[in-house]
Amino acid sequence: MDVTFFAAFSDCDYSRFEEIAESSFLGGGNFSKDQISDLLSCFKCSSSALTENLWLLPLSFSETLTKVDDEALKNIAVHWSNEGSWENTNANAMDLAGHVLELKYSYLQHSDKRILALFE
């Protein structure tokens with residue numbers, strides 16, 4: 001499933017990738033909902049589903065994401081790659097770390113907004 005992370009105010013109601021402003025993109029990839037849930041659990045939080053395919057990620061996630069150093073984020077990615085949602089996949093912890101770091105640095109310029117995930 002394609003997942004697009006983007007920055008927006010929490011009252012947005014996007015249902016399609018095309019509705020998201022290009023300047024709001026934070027990253028994404030091919031992740032299942034379980035894999036994103038496992039990522040959030042590595043940060044000791046969970047999302048709020050605005051719709052079945054649009055999730056609002058918690059403030060604690062974005063705050064931690066922007067405040068921890070890159071080595072700590074790499075360690076979180078290693079932990080994420082060991083979660084059950086990655087079982088029987090060829091997940092590479094460093095590839096996952098790249099996704100998390102991309103999300104961090106893309107979000108820094110949008111810190112007045114929330115991180116959302118759109119699943120398509």
# chains A, B, ... in the order shown; residues from 1 in each chain; ligands from 1

call {"tool": "residues_around", "arguments": {"residues": "Ala97 of chain A", "least_positions_apart": "5", "cutoff": "7 Å", "atoms": "only C-alpha atoms", "output": "PyMOL selection string"}}
result
chain A and resi 73-74+77

call {"tool": "residues_around", "arguments": {"residues": "segment 11-20 of chain A", "least_positions_apart": "5", "cutoff": "10 Å", "atoms": "only C-alpha atoms", "output": "ChimeraX atom specification"}}
result
/A:2-6,25,50-54,56,114,116,118-120

call {"tool": "write_last_selection", "arguments": {"atoms": "C-alpha atoms", "output": "mmCIF file, in the first residue's frame"}}
result
data_model
loop_
_atom_site.group_PDB
_atom_site.id
_atom_site.type_symbol
_atom_site.label_atom_id
_atom_site.label_comp_id
_atom_site.auth_asym_id
_atom_site.auth_seq_id
_atom_site.Cartn_x
_atom_site.Cartn_y
_atom_site.Cartn_z
ATOM 1 C CA ASP A 2 1.367 3.423 -0.859
ATOM 2 C CA VAL A 3 1.651 5.773 2.103
ATOM 3 C CA THR A 4 2.238 9.495 1.754
ATOM 4 C CA PHE A 5 3.320 11.491 4.791
ATOM 5 C CA PHE A 6 2.476 15.160 4.610
ATOM 6 C CA PHE A 25 5.030 16.264 1.143
ATOM 7 C CA LEU A 50 -9.604 10.614 10.647
ATOM 8 C CA THR A 51 -10.912 8.230 7.977
ATOM 9 C CA GLU A 52 -10.051 4.665 7.078
ATOM 10 C CA ASN A 53 -7.157 5.871 4.920
ATOM 11 C CA LEU A 54 -6.168 9.163 6.564
ATOM 12 C CA LEU A 56 -3.362 11.987 12.068
ATOM 13 C CA ARG A 114 0.699 18.102 12.038
ATOM 14 C CA LEU A 116 -0.635 12.966 8.526
ATOM 15 C CA LEU A 118 -2.595 8.977 3.584
ATOM 16 C CA PHE A 119 -2.885 5.320 2.558
ATOM 17 C CA GLU A 120 -3.785 4.544 -1.055
#

call {"tool": "select_by_dssp", "arguments": {"residues": "segment 41-97 of chain A", "states": "strand (DSSP E)", "output": "count of residues only"}}
result
7

call {"tool": "closest_residue", "arguments": {"among": "A:Met1, A:Ala91, A:Leu26, A:Leu65", "to": "Cys45 of chain A", "atoms": "only C-alpha atoms"}}
result
A:Leu65

call {"tool": "residues_around", "arguments": {"residues": "Thr64 of chain A", "least_positions_apart": "4", "cutoff": "8 Å", "atoms": "only C-alpha atoms", "output": "number ranges by chain"}}
result
A: 43, 60, 68

call {"tool": "write_last_selection", "arguments": {"atoms": "all heavy atoms", "output": "mmCIF file, in the first residue's frame"}}
result
data_model
loop_
_atom_site.group_PDB
_atom_site.id
_atom_site.type_symbol
_atom_site.label_atom_id
_atom_site.label_comp_id
_atom_site.auth_asym_id
_atom_site.auth_seq_id
_atom_site.Cartn_x
_atom_site.Cartn_y
_atom_site.Cartn_z
ATOM 1 N N PHE A 43 7.768 4.675 18.934
ATOM 2 C CA PHE A 43 7.810 6.012 19.531
ATOM 3 C C PHE A 43 6.867 6.105 20.731
ATOM 4 O O PHE A 43 6.606 7.179 21.241
ATOM 5 C CB PHE A 43 7.413 7.069 18.492
ATOM 6 C CG PHE A 43 8.500 7.404 17.506
ATOM 7 C CD1 PHE A 43 8.721 6.605 16.392
ATOM 8 C CD2 PHE A 43 9.305 8.512 17.689
ATOM 9 C CE1 PHE A 43 9.714 6.914 15.470
ATOM 10 C CE2 PHE A 43 10.300 8.825 16.783
ATOM 11 C CZ PHE A 43 10.515 8.017 15.666
ATOM 12 N N SER A 60 3.176 13.880 20.009
ATOM 13 C CA SER A 60 4.341 13.285 20.666
ATOM 14 C C SER A 60 5.276 12.634 19.646
ATOM 15 O O SER A 60 6.494 12.653 19.820
ATOM 16 C CB SER A 60 3.912 12.269 21.722
ATOM 17 O OG SER A 60 3.168 11.217 21.134
ATOM 18 N N VAL A 68 15.094 14.103 18.712
ATOM 19 C CA VAL A 68 16.122 13.097 18.946
ATOM 20 C C VAL A 68 17.182 13.171 17.850
ATOM 21 O O VAL A 68 16.897 13.589 16.732
ATOM 22 C CB VAL A 68 15.544 11.665 19.052
ATOM 23 C CG1 VAL A 68 14.565 11.553 20.191
ATOM 24 C CG2 VAL A 68 14.933 11.206 17.769
#

call {"tool": "residues_around", "arguments": {"residues": "Val78 of chain A", "least_positions_apart": "5", "cutoff": "12 Å", "atoms": "only C-alpha atoms", "output": "PDB file with C-alpha atoms, in the first residue's frame"}}
result
ATOM      1  CA  ASP A  38       4.544  -0.539  14.563  1.00  0.00           C
ATOM      2  CA  LEU A  39       6.621   2.547  13.767  1.00  0.00           C
ATOM      3  CA  CYS A  42       8.428   2.363  18.600  1.00  0.00           C
ATOM      4  CA  GLU A  71      21.715   7.966  15.739  1.00  0.00           C
ATOM      5  CA  ALA A  72      18.729   7.505  18.043  1.00  0.00           C
ATOM      6  CA  LEU A  73      16.434   7.542  14.998  1.00  0.00           C
ATOM      7  CA  GLU A  83       8.578  -5.708  14.607  1.00  0.00           C
ATOM      8  CA  TRP A  86       8.059  -6.960   8.868  1.00  0.00           C
ATOM      9  CA  ALA A  91      13.194  -5.226   5.327  1.00  0.00           C
ATOM     10  CA  ASN A  92      16.505  -3.468   5.601  1.00  0.00           C
ATOM     11  CA  ALA A  93      16.911  -1.468   8.803  1.00  0.00           C
ATOM     12  CA  MET A  94      19.069   1.161   7.084  1.00  0.00           C
ATOM     13  CA  ASP A  95      16.454   1.670   4.354  1.00  0.00           C
ATOM     14  CA  LEU A  96      13.853   2.187   7.069  1.00  0.00           C
ATOM     15  CA  ALA A  97      16.225   4.574   8.835  1.00  0.00           C
ATOM     16  CA  GLY A  98      16.433   6.545   5.593  1.00  0.00           C
ATOM     17  CA  HIS A  99      12.651   6.881   5.531  1.00  0.00           C
ATOM     18  CA  VAL A 100      12.535   8.044   9.154  1.00  0.00           C
TER      19      VAL A 100
END
